[in-house]
file work.txt (compact mmCIF, C-alpha atoms and all ligand atoms)
# COMPACT_ATOMS: atom_id res chain seq x y z
CA MET O 181 97.87 -25.26 22.92
CA ASN O 182 94.18 -26.03 22.39
CA ILE O 183 92.10 -23.24 23.86
CA LEU O 184 88.34 -22.75 24.01
CA VAL O 185 87.15 -19.13 23.94
CA CYS O 186 83.46 -19.08 24.76
CA GLN O 187 81.00 -16.38 25.70
CA ALA O 188 77.37 -15.44 26.17
CA THR O 189 76.15 -12.21 24.63
CA GLU O 190 72.92 -10.35 24.13
CA HIS O 191 73.91 -7.49 21.85
CA GLY O 192 77.28 -8.56 20.51
CA SER O 193 79.94 -6.72 22.53
CA THR O 194 80.98 -9.80 24.46
CA GLY O 195 81.24 -11.75 21.22
CA ARG O 196 83.41 -9.01 19.75
CA ILE O 197 85.72 -9.08 22.73
CA ALA O 198 85.91 -12.88 22.58
CA ALA O 199 86.80 -12.64 18.88
CA LEU O 200 89.61 -10.20 19.66
CA ILE O 201 90.94 -12.62 22.26
CA ALA O 202 90.70 -15.58 19.88
CA VAL O 203 92.45 -13.77 17.02
CA ARG O 204 95.23 -12.65 19.32
CA LEU O 205 95.74 -16.13 20.75
CA ARG O 206 95.79 -17.63 17.26
CA ALA O 207 98.41 -15.10 16.23
CA ALA O 208 100.44 -16.40 19.16
CA ASP O 209 100.23 -19.91 17.62
CA HIS O 210 97.53 -21.39 19.78
CA SER O 211 94.78 -23.53 18.34
CA VAL O 212 91.58 -21.73 19.29
CA VAL O 213 87.94 -22.75 19.05
CA MET O 214 85.33 -20.02 19.51
CA ARG O 215 81.90 -20.75 20.83
CA THR O 216 78.80 -18.71 21.64
CA LEU O 217 77.24 -20.35 24.68
CA THR O 218 73.59 -21.29 24.77
CA THR O 219 71.71 -22.83 27.68
CA ARG O 220 72.03 -26.25 25.99
CA ASP O 221 75.83 -26.00 26.14
CA ALA O 222 75.67 -26.30 29.89
CA GLU O 223 75.05 -30.00 29.39
CA GLN O 224 76.66 -30.69 26.06
CA LEU O 225 79.99 -28.90 25.83
CA ASP O 226 82.85 -31.38 26.05
CA LEU O 227 86.07 -29.80 27.34
CA THR O 228 88.24 -32.90 26.96
CA CYS O 229 90.40 -31.57 24.14
CA TYR O 230 91.05 -28.13 25.66
CA LYS O 231 93.96 -27.31 27.92
CA ALA O 232 92.71 -23.82 28.62
CA VAL O 233 89.35 -22.06 28.59
CA VAL O 234 88.55 -18.36 28.36
CA VAL O 235 84.92 -17.76 29.25
CA GLY O 236 83.04 -14.47 29.30
CA SER O 237 79.57 -13.06 29.61
CA ALA O 238 77.66 -9.85 29.29
CA ILE O 239 76.44 -8.59 32.65
CA HIS O 240 72.72 -8.11 33.07
CA HIS O 241 71.30 -7.01 36.41
CA GLY O 242 74.67 -7.48 38.07
CA ALA O 243 74.99 -11.12 36.97
CA TRP O 244 76.26 -13.25 34.11
CA LEU O 245 73.77 -14.31 31.44
CA PRO O 246 72.19 -17.70 32.22
CA ALA O 247 73.97 -19.55 29.40
CA ALA O 248 77.42 -18.63 30.73
CA ALA O 249 76.49 -19.05 34.40
CA GLU O 250 75.01 -22.50 33.78
CA PHE O 251 78.02 -23.55 31.72
CA VAL O 252 80.34 -22.64 34.58
CA ARG O 253 78.18 -24.30 37.25
CA ARG O 254 77.85 -27.56 35.37
CA SER O 255 81.42 -27.67 34.07
CA SER O 256 83.05 -26.68 37.33
CA ASP O 257 84.83 -30.03 37.80
CA ALA O 258 86.12 -30.07 34.22
CA LEU O 259 87.23 -26.45 34.51
CA ALA O 260 89.18 -27.29 37.67
CA ALA O 261 91.51 -29.44 35.59
CA ARG O 262 92.21 -26.68 33.08
CA ARG O 263 93.65 -23.18 32.94
CA VAL O 264 90.71 -20.82 33.09
CA TRP O 265 90.37 -17.08 32.56
CA THR O 266 87.07 -15.25 32.86
CA PHE O 267 85.79 -11.88 31.75
CA SER O 268 82.63 -9.85 32.16
CA VAL O 269 81.29 -7.13 29.90
CA GLY O 270 79.19 -4.33 31.36
CA MET O 271 78.58 -0.65 30.83
CA THR O 272 80.74 0.77 33.58
CA ALA O 273 82.47 3.24 31.31
CA ALA O 274 79.15 4.79 30.28
CA PHE O 275 78.63 6.29 33.76
CA PRO O 276 80.38 8.91 35.87
CA SER O 277 82.87 7.29 38.22
CA PRO O 278 81.13 8.13 41.56
CA LEU O 279 78.17 6.06 40.39
CA ARG O 280 80.36 3.09 39.48
CA ARG O 281 81.75 3.01 43.00
CA LEU O 282 78.30 3.32 44.55
CA ALA O 283 76.99 0.38 42.60
CA ALA O 284 79.97 -1.92 43.03
CA ASN O 285 78.87 -3.78 46.14
CA GLY O 286 75.77 -5.34 44.64
CA GLU O 287 77.66 -6.81 41.77
CA GLN O 288 80.81 -8.13 43.32
CA ARG O 289 79.46 -11.09 45.24
CA PRO O 290 77.52 -13.00 42.54
CA LEU O 291 80.30 -12.48 40.03
CA ALA O 292 83.01 -13.48 42.47
CA GLU O 293 81.14 -16.67 43.41
CA LEU O 294 80.95 -17.65 39.77
CA GLN O 295 84.65 -17.04 39.24
CA GLN O 296 85.37 -19.42 42.09
CA LEU O 297 83.20 -22.10 40.50
CA ALA O 298 85.03 -21.53 37.22
CA HIS O 299 88.38 -21.95 39.03
CA SER O 300 89.37 -18.79 37.24
CA CYS O 301 92.95 -17.73 37.75
CA GLU O 302 91.99 -14.20 36.74
CA HIS O 303 88.79 -12.33 36.08
CA ARG O 304 88.79 -9.16 34.01
CA ARG O 305 86.00 -6.71 33.49
CA PHE O 306 85.54 -4.80 30.23
CA SER O 307 83.01 -2.28 29.06
CA GLY O 308 80.93 -2.95 25.95
CA ALA O 309 78.58 -0.89 23.83
CA ILE O 310 75.34 0.50 25.17
CA ARG O 311 72.74 1.91 22.80
CA PRO O 312 69.22 3.28 23.39
CA GLU O 313 67.60 0.32 21.63
CA HIS O 314 69.23 -2.11 24.11
CA ILE O 315 67.07 -0.92 26.97
CA GLY O 316 63.36 -0.20 27.32
CA ARG O 317 61.89 3.27 27.71
CA PRO O 318 62.04 3.36 31.54
CA GLY O 319 65.62 2.19 31.28
CA ARG O 320 66.47 5.00 28.90
CA VAL O 321 65.01 7.54 31.30
CA ALA O 322 66.99 6.09 34.22
CA PHE O 323 70.13 5.94 32.12
CA ARG O 324 69.86 9.63 31.27
CA LEU O 325 69.02 10.66 34.83
CA LEU O 326 72.07 8.80 36.11
CA GLY O 327 74.32 10.63 33.68
CA GLY O 328 74.89 7.69 31.35
CA ARG O 329 76.26 8.27 27.86
CA TYR O 330 75.52 5.86 25.05
CA GLY O 331 78.44 4.65 23.03
CA ASP O 332 80.87 1.90 22.21
CA TYR O 333 83.31 1.55 25.08
CA VAL O 334 85.18 -1.55 23.99
CA ASP O 335 88.85 -0.89 24.70
CA GLU O 336 90.55 -3.12 22.16
CA GLN O 337 94.02 -2.37 23.48
CA ALA O 338 93.02 -3.42 26.98
CA VAL O 339 91.56 -6.66 25.62
CA GLU O 340 94.70 -7.38 23.63
CA ALA O 341 96.95 -6.59 26.58
CA TRP O 342 94.96 -9.00 28.75
CA THR O 343 95.17 -11.66 26.03
CA ASP O 344 98.92 -11.23 25.91
CA SER O 345 99.07 -11.82 29.66
CA ILE O 346 97.12 -15.08 29.13
CA ASP O 347 99.57 -16.13 26.44
CA ASP O 348 102.49 -15.28 28.74
CA ALA O 349 101.01 -17.37 31.55
CA LEU O 350 100.45 -20.34 29.25
CA ARG O 351 104.01 -20.15 27.98
CA GLU O 352 105.49 -19.81 31.44
CA ASP O 353 103.82 -22.98 32.66
CA PRO O 354 101.78 -24.79 30.02
CA THR O 355 100.98 -27.72 32.32
CA ALA O 356 99.83 -25.79 35.36
CA THR O 357 96.31 -26.41 36.59
CA LEU O 358 94.62 -25.10 39.67
CA VAL O 359 96.88 -27.07 41.99
CA GLY O 360 99.54 -24.81 43.37
CA ARG O 361 97.96 -21.55 42.35
CA SER O 362 95.31 -19.31 43.79
CA ALA O 363 91.78 -20.49 43.16
CA TYR O 364 90.60 -16.98 42.65
CA ALA O 365 93.11 -14.27 42.06
CA GLY O 366 91.93 -10.86 41.21
CA TYR O 367 88.68 -9.22 40.47
CA GLY O 368 88.82 -6.50 37.84
CA PRO O 369 87.74 -2.91 38.26
CA VAL O 370 84.39 -2.56 39.91
CA GLY O 371 81.32 -2.27 37.76
CA LEU O 372 77.87 -0.84 37.68
CA ALA O 373 75.38 -3.02 39.47
CA SER O 374 71.70 -3.22 38.87
CA PRO O 375 70.59 -1.91 42.30
CA ALA O 376 71.52 1.53 41.01
CA LEU O 377 69.31 1.06 37.99
CA PRO O 378 65.89 -0.19 39.07
CA ALA O 379 64.12 1.09 35.98
CA LEU O 380 66.66 -0.46 33.71
CA ARG O 381 66.25 -3.77 35.49
CA SER O 382 62.52 -3.86 35.02
CA SER O 383 62.82 -3.00 31.35
CA SER O 384 64.91 -6.01 30.52
CA PRO O 385 63.59 -9.05 28.72
CA ALA O 386 62.86 -12.04 30.96
C1 LIG Z 401 68.74 -5.41 30.43
C2 LIG Z 401 70.16 -4.97 30.64
C3 LIG Z 401 70.71 -5.00 31.90
C4 LIG Z 401 72.04 -4.60 32.10
N1 LIG Z 401 72.56 -4.65 33.36
C5 LIG Z 401 73.85 -4.27 33.54
C6 LIG Z 401 74.45 -4.33 34.83
O1 LIG Z 401 73.83 -4.70 35.82
N2 LIG Z 401 75.74 -3.91 34.96
C7 LIG Z 401 76.47 -3.48 33.89
O2 LIG Z 401 77.63 -3.11 34.05
N3 LIG Z 401 75.95 -3.45 32.64
C8 LIG Z 401 74.66 -3.84 32.44
N4 LIG Z 401 74.12 -3.80 31.19
C9 LIG Z 401 74.94 -3.34 30.07
C10 LIG Z 401 75.50 -4.47 29.24
O3 LIG Z 401 76.18 -5.41 30.02
C11 LIG Z 401 76.44 -3.87 28.21
O4 LIG Z 401 75.67 -3.13 27.32
C12 LIG Z 401 77.25 -4.89 27.48
O5 LIG Z 401 77.98 -4.24 26.47
C13 LIG Z 401 76.37 -5.95 26.90
O6 LIG Z 401 77.13 -6.93 26.30
P1 LIG Z 401 76.59 -7.65 24.98
O7 LIG Z 401 76.60 -6.62 23.87
O8 LIG Z 401 77.56 -8.75 24.75
O9 LIG Z 401 75.21 -8.17 25.24
C14 LIG Z 401 72.81 -4.19 30.99
C15 LIG Z 401 72.23 -4.16 29.71
C16 LIG Z 401 70.93 -4.55 29.52
C17 LIG Z 401 70.36 -4.53 28.13

call {"tool": "encode", "arguments": {"input": "work.txt", "output": "structure tokens", "more": "lines below"}}
Ligand SMILES: Cc1cc2nc3c(=O)[nH]c(=O)nc-3n(C[C@H](O)[C@H](O)[C@H](O)COP(=O)(O)O)c2cc1C
result
Amino acid sequence: MNILVCQATEHGSTGRIAALIAVRLRAADHSVVMRTLTTRDAEQLDLTCYKAVVVGSAIHHGAWLPAAAEFVRRSSDALAARRVWTFSVGMTAAFPSPLRRLAANGEQRPLAELQQLAHSCEHRRFSGAIRPEHIGRPGRVAFRLLGGRYGDYVDEQAVEAWTDSIDDALREDPTATLVGRSAYAGYGPVGLASPALPALRSSSPA
């Protein structure tokens, strides 16, 4: 099956996760095209030849990066006619769990709205890598005060297990589209939203 795996990244973790997904799907005999989304893709990306789309984005300030969000908004009709899976990459795993729960509410709504527009049959959240140089000085101070720990939190096994579930779903019913299935089933584990990190928010590039 022809599958598009596309993503928007700032520091590379989302691209790495997308590459893991693409390699795994290819190993399962799918024909996979990988794409890093830019804001121009929102208008130009033609989905005609793809039966399924996996789209992901890094999370900044509790939301998807503009390139991925715009792609989903403008391609919503085309995505409705395809099998779609979505994933988000944040830094949840870098923080103590009480903080993750505290911050969850601010992030859920904007991400959930986007998954609906994408007609995503499943959204999964992964953690990426967070390094001091990714955030400005005020952000680093806030990160430390909140108990954050820098590191690479990409869980390759979790990504591969999710990819296998996509492959299983495609094999079970290769022709299924949104009709007859839930428009939005499942939101992954809650993440860390920007309201908990005001200093980190203000340190980000525009
Ligand atoms: C400016 C900025 C804002 C961020 N905001 C959030 C956020 O609101 N929630 C979250 O879980 N992670 C947030 N992160 C962490 C990134 O999503 C995380 O580092 C992820 O691995 C980035 O993916 P990338 O390497 O593909 O860019 C933020 C990172 C930066 C640099």

call {"tool": "residues_around", "arguments": {"input": "work.txt", "residues": "segment 248-258 of chain O", "least_positions_apart": "4", "cutoff": "6 Å", "atoms": "all atoms listed in the file", "output": "MDAnalysis selection string"}}
result
chainID O and resid 188 222 244 297:298

call {"tool": "axis_aligned_box", "arguments": {"input": "work.txt", "around": "segment 244-258 of chain O", "padding_each_side": "5 Å", "output": "AutoDock Vina command-line options"}}
result
--center_x 79.2 --center_y -21.7 --center_z 33.6 --size_x 23.9 --size_y 26.8 --size_z 18.4

call {"tool": "atom_distance", "arguments": {"input": "work.txt", "atom1": "atom CA of Pro290 of chain O", "atom2": "atom CA of Tyr330 of chain O"}}
result
25.8 Å

call {"tool": "atom_distance", "arguments": {"input": "work.txt", "atom1": "atom CA of Leu225 of chain O", "atom2": "atom CA of Met271 of chain O"}}
result
28.7 Å

call {"tool": "closest_residue", "arguments": {"input": "work.txt", "among": "O:Arg329, O:His240, O:Arg215, O:Arg263", "to": "Leu291 of chain O", "atoms": "all atoms listed in the file"}}
result
O:His240

call {"tool": "closest_residue", "arguments": {"input": "work.txt", "among": "O:Ile310, O:Ala247, O:Ile346, O:Ala198", "to": "Leu217 of chain O", "atoms": "all atoms listed in the file"}}
result
O:Ala247

call {"tool": "residues_near_point", "arguments": {"input": "work.txt", "point": "(88.2, -20.2, 31.2)", "cutoff": "7 Å", "atoms": "all atoms listed in the file", "output": "mmCIF file with C-alpha atoms, in the coordinates of the input"}}
result
data_model
loop_
_atom_site.group_PDB
_atom_site.id
_atom_site.type_symbol
_atom_site.label_atom_id
_atom_site.label_comp_id
_atom_site.auth_asym_id
_atom_site.auth_seq_id
_atom_site.Cartn_x
_atom_site.Cartn_y
_atom_site.Cartn_z
ATOM 1 C CA ALA O 232 92.710 -23.820 28.620
ATOM 2 C CA VAL O 233 89.350 -22.060 28.590
ATOM 3 C CA VAL O 234 88.550 -18.360 28.360
ATOM 4 C CA VAL O 235 84.920 -17.760 29.250
ATOM 5 C CA ARG O 263 93.650 -23.180 32.940
ATOM 6 C CA VAL O 264 90.710 -20.820 33.090
ATOM 7 C CA TRP O 265 90.370 -17.080 32.560
ATOM 8 C CA THR O 266 87.070 -15.250 32.860
ATOM 9 C CA ALA O 298 85.030 -21.530 37.220
ATOM 10 C CA SER O 300 89.370 -18.790 37.240
#
